[in-house]
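A.B. asks: One structure, as structure tokens, below. Some questions next.
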Amino acid sequence: MNSNGKTGNFSKLSLAMTRRAALVGFGTMATAAVAHKSRFGQSAPILTKMTLTADNGREIAIFDWSSSRCTVGTIFFSHGAGSSPDKYTRLIEPWVSQGWRVLAPLHVDSRDHPETAKYTGLASWTTRLEDMRALSAYLGGEHYVAAGHSYGGLVALTLGGAKSIPPQGFDDPLDDDKVQAVLAFSPPAPIPVLVTREGYAELSVPALIQTGTLDIVPGITDDSKDGWKGHLVPYDAAAAGGHRYGLVLAGVDHYFGGAICDYDKAGPPQLAQLDAAVSLSSLFLRGHGLGQNGARKSLEERTTDQLPIRLLSK
């Protein structure tokens with residue numbers, strides 16, 4: 001049990017993930033680092049790429065962002081269905097520039113994964129859990145923050161204690177008692193084969209859960225104008241008193257106008273709203289990932305039930 005008191009549907013998406021692409025540039029930890037300027041801070045993020053191995057021998061390509069300054073903590077990031085870690089630089093780089101190390105697997109459902117066609121149906125659920133388990137083993141005893149977008153938001157919430165439905169034949173625990181907090185961007189509404197509302201209610205660590213008033217995903221959320229509210233079920237279902245936050249951004253869709261996850265989505269990119277999400281997530285990270293009381297107080301002071309930036313707390 002850690003200091004937060006923690007104990008230790010996407011079938012439609014998975015069936016759609018059959019496009020194959022080439023994966024290049026992955027190797028071992030010795031892969032050459034690529035440094036570039038960041039508009040979010042003084043410390044330029046450095047990206048390296050390495051390979052981990054799952055228990056069954058499957059190779060897992062990992063994006064590893066770090067800062068030229070001292071690392072303050074570690075974030076595991078799980079990308080959306082069909083996407084890839086490098087489609088989230090506007091979200092990840094600001095965290096890195098503030099001293100966080102971000103480790104992000106290229107999941108097999110990614111359109112950039114060379115073997116995606118081998119994994120159909122709910123196989124992506126199994127392999128995503130395996131990917132995060134391998135990362136946790138790599139990190140050793142160090143605690144971390146679990147983060148993710150869409151399908152990856154479900155992964156992050158599961159690591160943080162939400163009782164998702166285990167894949168057939170998956171006997172390992174789904175959660176991880178090393179998780180300090182969760183950042184979930186547009187996690188899915190309950191999907192029978194993956195997670196229920198009651199399962200989301202078992203979330204056992206502090207969490208920030210984000211959505212937008214245009215965050216409607218055909219086949220995943222209700223198609224009505226209020227369908228976006230399904231993404232907030234993890235917040236609504238979680239018990240009060242555990243430092244849970246619900247963030248709603250006016251006019252924001254599932255992709256921030258193509259700024260994250262899928263650059264081909266219709267724009268224009270919703271960059272001001274994304275910057276607001278980054279700013280609040282950074283406060284959350286300092287407050288609940290690093291235990292800074294001042295950041296916690298500052299986050300609470302920003303709570304409001306009014307749009308365009310509605311921040312709920314319980």
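Each chain in the structure tokens gets a letter, A, B and so on, in the order shown; residues start at 1 in every chain, and ligands are counted from 1 in the order they appear.
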Which neighbours of segment 158-160 of chain A fall inside 6 Å, counting only C-alpha atoms, when residues of the same chain fewer than 4 positions from it are skipped, and could you give them as a list in words?
C.D. replies: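 Counting only the stated atoms, we get Asp175, Asp176, Val179 and Val205 of chain A.
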A.B. asks: What would the file look like if the residues just selected were written as a PDB file, in the first residue's frame with N, CA, C and O atoms?
C.D. replies:
ATOM      1  N   ASP A 175      -3.905  -3.375 -11.665  1.00  0.00           N
ATOM      2  CA  ASP A 175      -3.453  -2.114 -11.099  1.00  0.00           C
ATOM      3  C   ASP A 175      -2.001  -2.226 -10.660  1.00  0.00           C
ATOM      4  O   ASP A 175      -1.391  -3.287 -10.750  1.00  0.00           O
ATOM      5  N   ASP A 176      -1.450  -1.114 -10.213  1.00  0.00           N
ATOM      6  CA  ASP A 176      -0.043  -1.081  -9.810  1.00  0.00           C
ATOM      7  C   ASP A 176       0.073  -0.200  -8.575  1.00  0.00           C
ATOM      8  O   ASP A 176      -0.267   0.983  -8.616  1.00  0.00           O
ATOM      9  N   VAL A 179       1.629   3.474  -8.490  1.00  0.00           N
ATOM     10  CA  VAL A 179       1.012   4.650  -9.096  1.00  0.00           C
ATOM     11  C   VAL A 179       0.630   5.649  -8.012  1.00  0.00           C
ATOM     12  O   VAL A 179      -0.117   5.337  -7.089  1.00  0.00           O
ATOM     13  N   VAL A 205      -6.528   6.432  -6.341  1.00  0.00           N
ATOM     14  CA  VAL A 205      -5.495   7.460  -6.197  1.00  0.00           C
ATOM     15  C   VAL A 205      -6.047   8.789  -6.693  1.00  0.00           C
ATOM     16  O   VAL A 205      -7.074   8.840  -7.378  1.00  0.00           O
TER      17      VAL A 205
END
A.B. asks: Report as a list of chain:residue names all protein, DNA and RNA residues lying within 7 Å of Ile220 of chain A, evaluated on only C-alpha atoms, omitting residues in the same chain fewer than 2 positions from it.
C.D. replies: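 Residues near the query, excluding close chain neighbours: A:Asn9, A:Pro188, A:Val217, A:Pro218, A:Asp222.
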A.B. asks: Could you write out the selected residues, including N, CA, C and O atoms, as a short mmCIF file (atom, residue, chain, number, x, y, z; two decimals), in the first residue's frame?
C.D. replies:
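Generated file (result.cif):
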data_model
loop_
_atom_site.label_atom_id
_atom_site.label_comp_id
_atom_site.auth_asym_id
_atom_site.auth_seq_id
_atom_site.Cartn_x
_atom_site.Cartn_y
_atom_site.Cartn_z
N ASN A 9 -17.36 0.33 -26.56
CA ASN A 9 -16.38 -0.55 -25.91
C ASN A 9 -15.40 -0.58 -26.97
O ASN A 9 -15.65 0.04 -27.94
N PRO A 188 -12.68 6.60 -22.01
CA PRO A 188 -13.97 6.17 -22.55
C PRO A 188 -15.05 6.08 -21.49
O PRO A 188 -14.78 5.85 -20.31
N VAL A 217 -17.35 10.83 -29.66
CA VAL A 217 -16.66 9.87 -30.51
C VAL A 217 -17.67 8.82 -30.96
O VAL A 217 -18.15 8.03 -30.16
N PRO A 218 -18.05 8.81 -32.24
CA PRO A 218 -19.03 7.84 -32.73
C PRO A 218 -18.66 6.41 -32.37
O PRO A 218 -17.51 5.99 -32.56
N ASP A 222 -22.26 8.49 -26.52
CA ASP A 222 -23.59 8.82 -27.01
C ASP A 222 -23.46 9.90 -28.09
O ASP A 222 -22.65 10.81 -27.97
#
A.B. asks: Write out as a list in words which residues come within 12 Å of Thr304 of chain A when counting only C-alpha atoms, dropping same-chain ones fewer than 3 positions away.
C.D. replies: Tyr245, Gly246, Leu247, Val248, Leu249, Leu299, Glu300, Glu301, Leu307, Pro308, Ile309, Arg310, Leu311, Leu312, Ser313 and Lys314 of chain A
A.B. asks: Ranking A:Glu93, A:Ala250, A:Ala134, A:Gly242 by minimum distance to Gly57 of chain A and counting only C-alpha atoms, which one comes first?
C.D. replies: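 Using only C-alpha atoms, the shortest distance to Gly57 of chain A belongs to A:Ala134.
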A.B. asks: Smallest atom-to-atom distance to Gly267 of chain A: which of A:Ile191, A:Arg302, A:Thr74, A:Asp253, using only C-alpha atoms?
C.D. replies: A:Asp253
A.B. asks: Tell me which of A:Tyr255, A:Tyr138, A:Phe170, A:Phe284 sits closest to Ala207 of chain A, counting only C-alpha atoms.
C.D. replies: A:Phe284
A.B. asks: Between A:Glu130, A:Trp65, A:Pro167, A:Thr120, which is the closest to Trp95 of chain A once you count only C-alpha atoms?
C.D. replies: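 Residue with the minimum atom-to-atom distance to Trp95 of chain A: A:Trp65.
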A.B. asks: Quick check for you: according to DSSP on this backbone, which residues of segment 148-260 of chain A are classed as alpha helix (DSSP H)? Reply as a list in words.
C.D. replies: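 In segment 148-260 of chain A, DSSP puts these residues in alpha helix (DSSP H): Tyr151, Gly152, Gly153, Leu154, Val155, Ala156, Leu157, Thr158, Leu159, Arg197, Glu198, Gly199, Tyr200, Val233, Pro234, Tyr235, Asp236 and Ala237 of chain A.
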A.B. asks: For those residues, write N, CA and C atoms to a file as a short mmCIF file (atom, residue, chain, number, x, y, z; two decimals), in the first residue's frame.
C.D. replies:
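selection-v8.cif written:
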data_model
loop_
_atom_site.label_atom_id
_atom_site.label_comp_id
_atom_site.auth_asym_id
_atom_site.auth_seq_id
_atom_site.Cartn_x
_atom_site.Cartn_y
_atom_site.Cartn_z
N TYR A 151 -8.22 5.57 -25.17
CA TYR A 151 -7.93 4.19 -24.76
C TYR A 151 -6.82 4.20 -23.71
N GLY A 152 -5.84 5.06 -23.91
CA GLY A 152 -4.76 5.18 -22.94
C GLY A 152 -5.20 5.74 -21.61
N GLY A 153 -6.28 6.56 -21.62
CA GLY A 153 -6.84 7.04 -20.37
C GLY A 153 -7.42 5.91 -19.55
N LEU A 154 -8.05 4.94 -20.22
CA LEU A 154 -8.53 3.75 -19.53
C LEU A 154 -7.37 2.97 -18.94
N VAL A 155 -6.29 2.84 -19.69
CA VAL A 155 -5.10 2.15 -19.17
C VAL A 155 -4.59 2.83 -17.91
N ALA A 156 -4.48 4.16 -17.95
CA ALA A 156 -3.97 4.91 -16.80
C ALA A 156 -4.88 4.73 -15.58
N LEU A 157 -6.19 4.83 -15.79
CA LEU A 157 -7.13 4.67 -14.68
C LEU A 157 -7.08 3.26 -14.11
N THR A 158 -6.88 2.28 -14.97
CA THR A 158 -6.76 0.88 -14.52
C THR A 158 -5.52 0.71 -13.65
N LEU A 159 -4.41 1.29 -14.07
CA LEU A 159 -3.20 1.23 -13.25
C LEU A 159 -3.43 1.89 -11.90
N ARG A 197 -19.20 1.32 -14.88
CA ARG A 197 -19.22 2.47 -13.99
C ARG A 197 -18.75 2.06 -12.60
N GLU A 198 -19.21 0.89 -12.14
CA GLU A 198 -18.81 0.40 -10.83
C GLU A 198 -17.31 0.14 -10.77
N GLY A 199 -16.74 -0.29 -11.88
CA GLY A 199 -15.30 -0.50 -11.93
C GLY A 199 -14.54 0.81 -11.83
N TYR A 200 -15.02 1.83 -12.53
CA TYR A 200 -14.40 3.15 -12.43
C TYR A 200 -14.45 3.68 -11.00
N VAL A 233 -17.45 9.98 -16.59
CA VAL A 233 -17.95 8.94 -15.69
C VAL A 233 -16.90 8.52 -14.66
N PRO A 234 -15.61 8.38 -15.02
CA PRO A 234 -14.63 8.02 -13.99
C PRO A 234 -14.58 9.03 -12.85
N TYR A 235 -14.77 10.32 -13.16
CA TYR A 235 -14.82 11.34 -12.11
C TYR A 235 -16.11 11.24 -11.32
N ASP A 236 -17.23 11.14 -12.03
CA ASP A 236 -18.53 11.08 -11.37
C ASP A 236 -18.64 9.87 -10.45
N ALA A 237 -18.10 8.73 -10.89
CA ALA A 237 -18.26 7.49 -10.13
C ALA A 237 -17.30 7.37 -8.96
#
A.B. asks: Could you check which of A:Gly287, A:Pro105, A:Gly161, A:Gly258 is closest to Leu135 of chain A, using only C-alpha atoms?
C.D. replies: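 Answer, going by the shortest atom-to-atom distance: A:Pro105.
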A.B. asks: From the options A:Ala162, A:Val145, A:Ile260, A:Ile209, which residue's atoms come nearest to Leu174 of chain A, counting only C-alpha atoms?
C.D. replies: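 Among A:Ala162, A:Val145, A:Ile260, A:Ile209, it is A:Ala162 that comes nearest to Leu174 of chain A.
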A.B. asks: Would you kindly return, as a ChimeraX atom specification, each protein, DNA or RNA residue with an atom no farther than 8 Å from any atom of Tyr88 of chain A, considering only C-alpha atoms and excluding same-chain residues fewer than 4 positions away?
C.D. replies: /A:79,84,92,259-261
